[in-house]
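Asks: Structure file my_file34.tsv, TSV, C-alpha atoms (C1' of nucleotides), is pasted below:
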chain	number	residue	atom	x	y	z
K	1	MET	CA	-2.52	-12.03	3.16
K	2	ARG	CA	-5.13	-9.78	4.75
K	3	ASN	CA	-4.66	-6.01	4.87
K	4	SER	CA	-6.38	-2.93	6.21
K	5	VAL	CA	-5.66	-0.53	3.38
K	6	ARG	CA	-9.31	0.15	2.64
K	7	GLU	CA	-10.10	1.06	6.22
K	8	LEU	CA	-7.12	3.38	6.44
K	9	ARG	CA	-7.91	4.99	3.12
K	10	GLU	CA	-11.56	5.58	3.96
K	11	THR	CA	-10.69	6.95	7.37
K	12	ALA	CA	-8.40	9.40	5.60
K	13	GLY	CA	-11.24	10.40	3.28
K	14	LEU	CA	-9.42	9.33	0.15
K	15	SER	CA	-10.64	7.66	-3.04
K	16	GLN	CA	-8.72	4.76	-4.54
K	17	ALA	CA	-7.63	7.07	-7.34
K	18	GLY	CA	-6.53	9.72	-4.84
K	19	LEU	CA	-4.43	7.29	-2.85
K	20	ALA	CA	-3.00	5.82	-6.04
K	21	ALA	CA	-1.92	9.30	-7.14
K	22	GLU	CA	-0.19	9.92	-3.82
K	23	LEU	CA	1.60	6.59	-4.04
K	24	GLY	CA	2.52	6.97	-7.68
K	25	VAL	CA	0.71	3.82	-8.83
K	26	SER	CA	-2.42	3.16	-10.85
K	27	ARG	CA	-5.94	3.11	-9.46
K	28	GLN	CA	-6.23	-0.55	-10.41
K	29	THR	CA	-3.20	-1.38	-8.30
K	30	VAL	CA	-4.78	0.12	-5.18
K	31	ASN	CA	-8.05	-1.62	-5.98
K	32	SER	CA	-6.31	-4.97	-6.51
K	33	ILE	CA	-4.50	-4.72	-3.19
K	34	GLU	CA	-7.66	-3.76	-1.31
K	35	THR	CA	-9.69	-6.55	-2.87
K	36	GLY	CA	-6.92	-9.06	-2.21
K	37	ARG	CA	-6.11	-9.88	-5.80
K	38	TYR	CA	-2.41	-9.67	-5.04
K	39	ASP	CA	0.06	-8.36	-2.49
K	40	PRO	CA	1.95	-5.13	-3.12
K	41	SER	CA	5.69	-5.22	-3.74
K	42	LEU	CA	7.86	-4.47	-0.72
K	43	PRO	CA	8.61	-0.84	-1.72
K	44	LEU	CA	4.92	-0.18	-2.31
K	45	ALA	CA	3.95	-1.78	0.99
K	46	ILE	CA	6.44	0.47	2.78
K	47	ALA	CA	5.10	3.52	0.93
K	48	ILE	CA	1.56	2.64	1.99
K	49	ALA	CA	2.61	2.23	5.61
K	50	ARG	CA	4.42	5.56	5.57
K	51	ARG	CA	1.42	7.31	3.99
K	52	PHE	CA	-0.70	6.29	6.95
K	53	THR	CA	2.10	6.77	9.47
K	54	THR	CA	2.05	3.16	10.58
K	55	THR	CA	4.06	0.00	9.92
K	56	VAL	CA	3.99	-2.74	7.32
K	57	GLU	CA	3.22	-5.33	9.97
K	58	GLU	CA	0.28	-3.26	11.25
K	59	ILE	CA	-1.33	-3.19	7.81
K	60	PHE	CA	-0.42	-6.56	6.30
K	61	HIS	CA	-1.06	-9.85	8.09
K	62	VAL	CA	-0.11	-13.29	6.91
K	63	ASP	CA	-3.14	-15.59	6.94
E	1	MET	CA	16.55	-0.46	-1.34
E	2	ARG	CA	19.22	-1.24	1.26
E	3	ASN	CA	18.82	-4.06	3.76
E	4	SER	CA	20.62	-5.60	6.70
E	5	VAL	CA	19.82	-9.25	6.07
E	6	ARG	CA	23.45	-10.28	5.83
E	7	GLU	CA	24.37	-8.72	9.14
E	8	LEU	CA	21.41	-10.31	10.88
E	9	ARG	CA	22.12	-13.69	9.33
E	10	GLU	CA	25.80	-13.65	10.24
E	11	THR	CA	25.04	-12.52	13.78
E	12	ALA	CA	22.72	-15.51	14.02
E	13	GLY	CA	25.50	-17.78	12.78
E	14	LEU	CA	23.56	-18.95	9.75
E	15	SER	CA	24.68	-19.72	6.21
E	16	GLN	CA	22.67	-18.40	3.25
E	17	ALA	CA	21.52	-21.95	2.61
E	18	GLY	CA	20.51	-22.39	6.25
E	19	LEU	CA	18.47	-19.22	6.31
E	20	ALA	CA	16.92	-20.11	2.96
E	21	ALA	CA	15.83	-23.47	4.35
E	22	GLU	CA	14.22	-21.81	7.37
E	23	LEU	CA	12.41	-19.36	5.12
E	24	GLY	CA	11.36	-21.97	2.59
E	25	VAL	CA	13.11	-20.30	-0.35
E	26	SER	CA	16.18	-21.12	-2.43
E	27	ARG	CA	19.74	-20.26	-1.49
E	28	GLN	CA	19.95	-18.02	-4.57
E	29	THR	CA	17.00	-16.00	-3.36
E	30	VAL	CA	18.70	-15.19	-0.06
E	31	ASN	CA	21.92	-14.41	-1.89
E	32	SER	CA	20.14	-12.14	-4.37
E	33	ILE	CA	18.44	-10.19	-1.61
E	34	GLU	CA	21.66	-9.78	0.35
E	35	THR	CA	23.62	-8.65	-2.69
E	36	GLY	CA	20.86	-6.24	-3.69
E	37	ARG	CA	19.91	-7.91	-6.95
E	38	TYR	CA	16.25	-7.49	-6.12
E	39	ASP	CA	13.87	-6.86	-3.23
E	40	PRO	CA	11.99	-9.73	-1.62
E	41	SER	CA	8.25	-10.04	-2.06
E	42	LEU	CA	6.18	-8.64	0.82
E	43	PRO	CA	5.42	-12.05	2.40
E	44	LEU	CA	9.10	-12.99	2.24
E	45	ALA	CA	10.16	-9.66	3.73
E	46	ILE	CA	7.74	-10.22	6.61
E	47	ALA	CA	9.05	-13.78	7.10
E	48	ILE	CA	12.61	-12.46	7.25
E	49	ALA	CA	11.67	-9.82	9.81
E	50	ARG	CA	9.89	-12.40	11.95
E	51	ARG	CA	12.84	-14.79	11.74
E	52	PHE	CA	15.06	-12.14	13.32
E	53	THR	CA	12.34	-10.87	15.66
E	54	THR	CA	12.38	-7.39	14.20
E	55	THR	CA	10.32	-5.36	11.74
E	56	VAL	CA	10.29	-4.89	7.99
E	57	GLU	CA	11.13	-1.21	8.37
E	58	GLU	CA	14.11	-2.02	10.57
E	59	ILE	CA	15.62	-4.29	7.93
E	60	PHE	CA	14.65	-2.65	4.64
E	61	HIS	CA	15.30	1.00	3.89
E	62	VAL	CA	14.27	2.92	0.83
E	63	ASP	CA	17.23	4.68	-0.73
O	1	DC	C1'	-34.01	11.29	-16.92
O	2	DG	C1'	-28.83	12.25	-17.82
O	3	DC	C1'	-24.33	12.95	-15.83
O	4	DC	C1'	-20.42	12.06	-12.90
O	5	DG	C1'	-17.48	10.16	-9.36
O	6	DA	C1'	-16.23	5.87	-7.28
O	7	DT	C1'	-15.55	1.12	-7.56
O	8	DG	C1'	-14.90	-3.73	-9.60
O	9	DT	C1'	-12.99	-6.39	-13.09
O	10	DC	C1'	-10.97	-8.02	-17.42
O	11	DA	C1'	-7.20	-8.42	-21.07
O	12	DA	C1'	-2.61	-7.89	-22.84
O	13	DG	C1'	1.94	-6.68	-22.09
O	14	DC	C1'	6.08	-5.58	-19.49
O	15	DA	C1'	8.79	-5.80	-15.15
O	16	DT	C1'	10.11	-8.13	-11.16
O	17	DC	C1'	10.50	-12.14	-8.02
O	18	DC	C1'	11.76	-16.85	-7.45
O	19	DT	C1'	12.87	-21.34	-9.16
O	20	DT	C1'	16.29	-25.22	-10.70
O	21	DG	C1'	20.58	-26.12	-12.63
O	22	DT	C1'	25.15	-24.99	-13.33
O	23	DC	C1'	29.80	-23.08	-12.95
O	24	DA	C1'	33.53	-20.41	-10.65
O	25	DT	C1'	35.97	-18.77	-6.70
O	26	DG	C1'	37.77	-18.75	-1.92
O	27	DT	C1'	38.58	-20.77	2.54
O	28	DC	C1'	39.40	-24.14	5.79
O	29	DA	C1'	40.41	-28.67	7.55
O	30	DA	C1'	42.03	-33.43	6.89
X	1	DT	C1'	46.77	-31.54	-2.20
X	2	DT	C1'	42.10	-33.06	-1.88
X	3	DG	C1'	37.51	-32.41	-0.41
X	4	DA	C1'	33.65	-30.11	1.69
X	5	DC	C1'	31.42	-25.90	2.48
X	6	DA	C1'	30.10	-21.04	1.58
X	7	DT	C1'	29.39	-17.56	-1.56
X	8	DG	C1'	28.59	-15.03	-6.17
X	9	DA	C1'	26.72	-15.16	-10.44
X	10	DC	C1'	24.37	-16.53	-14.81
X	11	DA	C1'	20.52	-18.57	-17.82
X	12	DA	C1'	15.87	-19.97	-18.74
X	13	DG	C1'	11.34	-20.47	-17.30
X	14	DG	C1'	7.23	-19.98	-14.25
X	15	DA	C1'	4.70	-16.96	-11.01
X	16	DT	C1'	3.43	-12.53	-9.43
X	17	DG	C1'	3.12	-7.30	-9.52
X	18	DC	C1'	1.93	-3.31	-12.14
X	19	DT	C1'	0.65	-0.84	-16.33
X	20	DT	C1'	-2.86	1.19	-19.82
X	21	DG	C1'	-7.22	0.80	-21.78
X	22	DA	C1'	-11.64	-0.56	-21.61
X	23	DC	C1'	-16.32	-1.69	-19.95
X	24	DA	C1'	-19.96	-2.33	-16.30
X	25	DT	C1'	-22.38	-1.12	-12.08
X	26	DC	C1'	-23.92	1.80	-8.47
X	27	DG	C1'	-25.30	6.12	-5.96
X	28	DG	C1'	-25.97	10.86	-5.70
X	29	DC	C1'	-27.17	15.11	-7.88
X	30	DG	C1'	-28.49	18.38	-11.56
Represent the structure contained in this file as structure tokens.

Replies:
Amino acid sequence: MRNSVRELRETAGLSQAGLAAELGVSRQTVNSIETGRYDPSLPLAIAIARRFTTTVEEIFHVD
Amino acid sequence: MRNSVRELRETAGLSQAGLAAELGVSRQTVNSIETGRYDPSLPLAIAIARRFTTTVEEIFHVD
DNA sequence: CGCCGATGTCAAGCATCCTTGTCATGTCAA
DNA sequence: TTGACATGACAAGGATGCTTGACATCGGCG
């Protein structure tokens, strides 16, 4: 599962910690998603998509 | 987290077991998602959306 | 140099997702 | 009535998501 969270976050000028705070999760969670350690839960994926005013399918692609 | 999986499945004339087979998960998983026991994982949510040619956001709504 | 913000990663623990197996109920057709 | 199918639900266990806490590295800046 590839995702474009890092690109979106950097474009928005946010740090991992900053985005994590906005999403209400830990910095390690954002880092783990960006580095592909694991996929976010569905509610978190939707929250990420909403944060960047886009859709889940735009951000997360099945391999 | 509300979802419209049951409506989509019934409109498609599928049983829970039939949909589960198409998605590669157990019947109990489909049942649990429909009855709101828990949310699907992100990859499963995407697979469900694709099965019904719609989007994750169309099917799953945060409360 | 010393400090700080940002990132990567690990470990341990808890929560959630998904499994197989099982049992109960309801409905419909033979 | 009997049997097959569909659904709802529970238990136990494995897999995954998320947490806090910690430690290391790197780059920029005083």

Asks: Write out as a list in words every residue belonging to chain K that has an atom at most 8 Å from any atom of chain X, counting all atoms listed in the file.

Replies: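 Within 8 Å of chain X on chain K, we get Val25, Ser26, Thr29, Tyr38, Asp39, Pro40 and Ser41 of chain K.
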
Asks: Given a cut-off of 9 Å, which residues of chain O touch chain E, counting all atoms listed in the file, written out as a list in words?

Replies: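 Interface list for chain O against chain E: DT16, DC17, DC18 and DT19 of chain O.
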
Asks: Counting all atoms listed in the file, which residues of chain K fall within 12 Å of chain E, and what is the closest atom pair for each with its distance in Å at one decimal, ordered by chain and rising number, as CSV?

Replies:
residue,atom,partner,partner_atom,distance
K:Met1,CA,E:Pro43,CA,8.0
K:Arg2,CA,E:Pro43,CA,11.0
K:Asn3,CA,E:Leu42,CA,11.9
K:Tyr38,CA,E:Leu42,CA,10.4
K:Asp39,CA,E:Leu42,CA,7.0
K:Pro40,CA,E:Leu42,CA,6.8
K:Ser41,CA,E:Ser41,CA,5.7
K:Leu42,CA,E:Leu42,CA,4.8
K:Pro43,CA,E:Val62,CA,7.3
K:Leu44,CA,E:Leu42,CA,9.1
K:Ala45,CA,E:Leu42,CA,7.2
K:Ile46,CA,E:Glu57,CA,7.5
K:Ala47,CA,E:Val62,CA,9.2
K:Ala49,CA,E:Glu57,CA,9.6
K:Arg50,CA,E:Glu57,CA,9.9
K:Thr54,CA,E:Glu57,CA,10.3
K:Thr55,CA,E:Glu57,CA,7.3
K:Val56,CA,E:Val56,CA,6.7
K:Glu57,CA,E:Thr55,CA,7.3
K:Glu58,CA,E:Thr55,CA,10.3
K:Ile59,CA,E:Ile46,CA,11.5
K:Phe60,CA,E:Leu42,CA,8.8
K:His61,CA,E:Pro43,CA,8.9
K:Val62,CA,E:Pro43,CA,7.2
K:Asp63,CA,E:Pro43,CA,10.3

Asks: All in-order C-alpha pairs, least squares, chain E moved onto chain K. Output the fitted coordinates as a CSV table (one decimal) with C-alpha atoms, in the frame of the given file, please.

Replies:
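This went into superposed12.csv:
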chain,number,residue,atom,x,y,z
E,1,MET,CA,-2.5,-12.1,3.2
E,2,ARG,CA,-5.1,-9.8,4.8
E,3,ASN,CA,-4.7,-6.0,4.9
E,4,SER,CA,-6.4,-2.9,6.2
E,5,VAL,CA,-5.6,-0.5,3.4
E,6,ARG,CA,-9.3,0.1,2.6
E,7,GLU,CA,-10.1,1.1,6.2
E,8,LEU,CA,-7.1,3.4,6.4
E,9,ARG,CA,-7.9,5.0,3.1
E,10,GLU,CA,-11.6,5.6,4.0
E,11,THR,CA,-10.7,7.0,7.4
E,12,ALA,CA,-8.4,9.4,5.6
E,13,GLY,CA,-11.2,10.4,3.3
E,14,LEU,CA,-9.4,9.3,0.1
E,15,SER,CA,-10.6,7.7,-3.0
E,16,GLN,CA,-8.7,4.7,-4.5
E,17,ALA,CA,-7.6,7.1,-7.3
E,18,GLY,CA,-6.5,9.7,-4.9
E,19,LEU,CA,-4.4,7.3,-2.8
E,20,ALA,CA,-3.0,5.8,-6.0
E,21,ALA,CA,-1.9,9.3,-7.2
E,22,GLU,CA,-0.2,9.9,-3.8
E,23,LEU,CA,1.6,6.6,-4.0
E,24,GLY,CA,2.5,7.0,-7.7
E,25,VAL,CA,0.7,3.8,-8.8
E,26,SER,CA,-2.4,3.2,-10.9
E,27,ARG,CA,-5.9,3.1,-9.5
E,28,GLN,CA,-6.2,-0.6,-10.4
E,29,THR,CA,-3.2,-1.4,-8.3
E,30,VAL,CA,-4.8,0.1,-5.2
E,31,ASN,CA,-8.1,-1.6,-6.0
E,32,SER,CA,-6.3,-5.0,-6.5
E,33,ILE,CA,-4.5,-4.7,-3.2
E,34,GLU,CA,-7.7,-3.7,-1.3
E,35,THR,CA,-9.7,-6.5,-2.9
E,36,GLY,CA,-6.9,-9.1,-2.2
E,37,ARG,CA,-6.1,-9.9,-5.8
E,38,TYR,CA,-2.4,-9.7,-5.0
E,39,ASP,CA,0.0,-8.4,-2.5
E,40,PRO,CA,1.9,-5.1,-3.1
E,41,SER,CA,5.7,-5.2,-3.8
E,42,LEU,CA,7.8,-4.5,-0.7
E,43,PRO,CA,8.6,-0.8,-1.7
E,44,LEU,CA,4.9,-0.2,-2.3
E,45,ALA,CA,3.9,-1.8,1.0
E,46,ILE,CA,6.4,0.5,2.8
E,47,ALA,CA,5.1,3.5,0.9
E,48,ILE,CA,1.5,2.6,2.0
E,49,ALA,CA,2.6,2.2,5.6
E,50,ARG,CA,4.4,5.6,5.6
E,51,ARG,CA,1.4,7.3,4.0
E,52,PHE,CA,-0.7,6.3,7.0
E,53,THR,CA,2.1,6.8,9.5
E,54,THR,CA,2.1,3.2,10.6
E,55,THR,CA,4.1,0.0,9.9
E,56,VAL,CA,4.0,-2.7,7.3
E,57,GLU,CA,3.2,-5.3,10.0
E,58,GLU,CA,0.3,-3.3,11.3
E,59,ILE,CA,-1.3,-3.2,7.8
E,60,PHE,CA,-0.4,-6.6,6.3
E,61,HIS,CA,-1.1,-9.9,8.1
E,62,VAL,CA,-0.1,-13.3,6.9
E,63,ASP,CA,-3.1,-15.6,6.9

Asks: Can you pull out the residues contacting Leu23 of chain E? Cut-off 10 Å, using all atoms listed in the file, and skip same-chain residues under 3 positions away; I want them as a list in words.

Replies: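 Residues meeting the cut-off are Ala17, Gly18, Leu19, Ala20, Ser26, Arg27, Val30, Leu44, Ala47, Ile48 and Arg51 of chain E.
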
Asks: Calculate how many Å separate atom CA of Val5 of chain E from atom CA of Phe52 of chain E, rounding to one decimal.

Replies: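 It comes out at 9.1 Å.
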
Asks: Mind giving me the straight-line distance from atom CA of Gly36 of chain E to atom CA of Ser4 of chain E in Å, one decimal?

Replies: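 Distance between the two atoms: 10.4 Å.
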
Asks: What is the distance, in Å and to one decimal place, between atom C1' of DA11 of chain O and atom CA of Asn31 of chain K?

Replies: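 Interatomic distance here is 16.6 Å.
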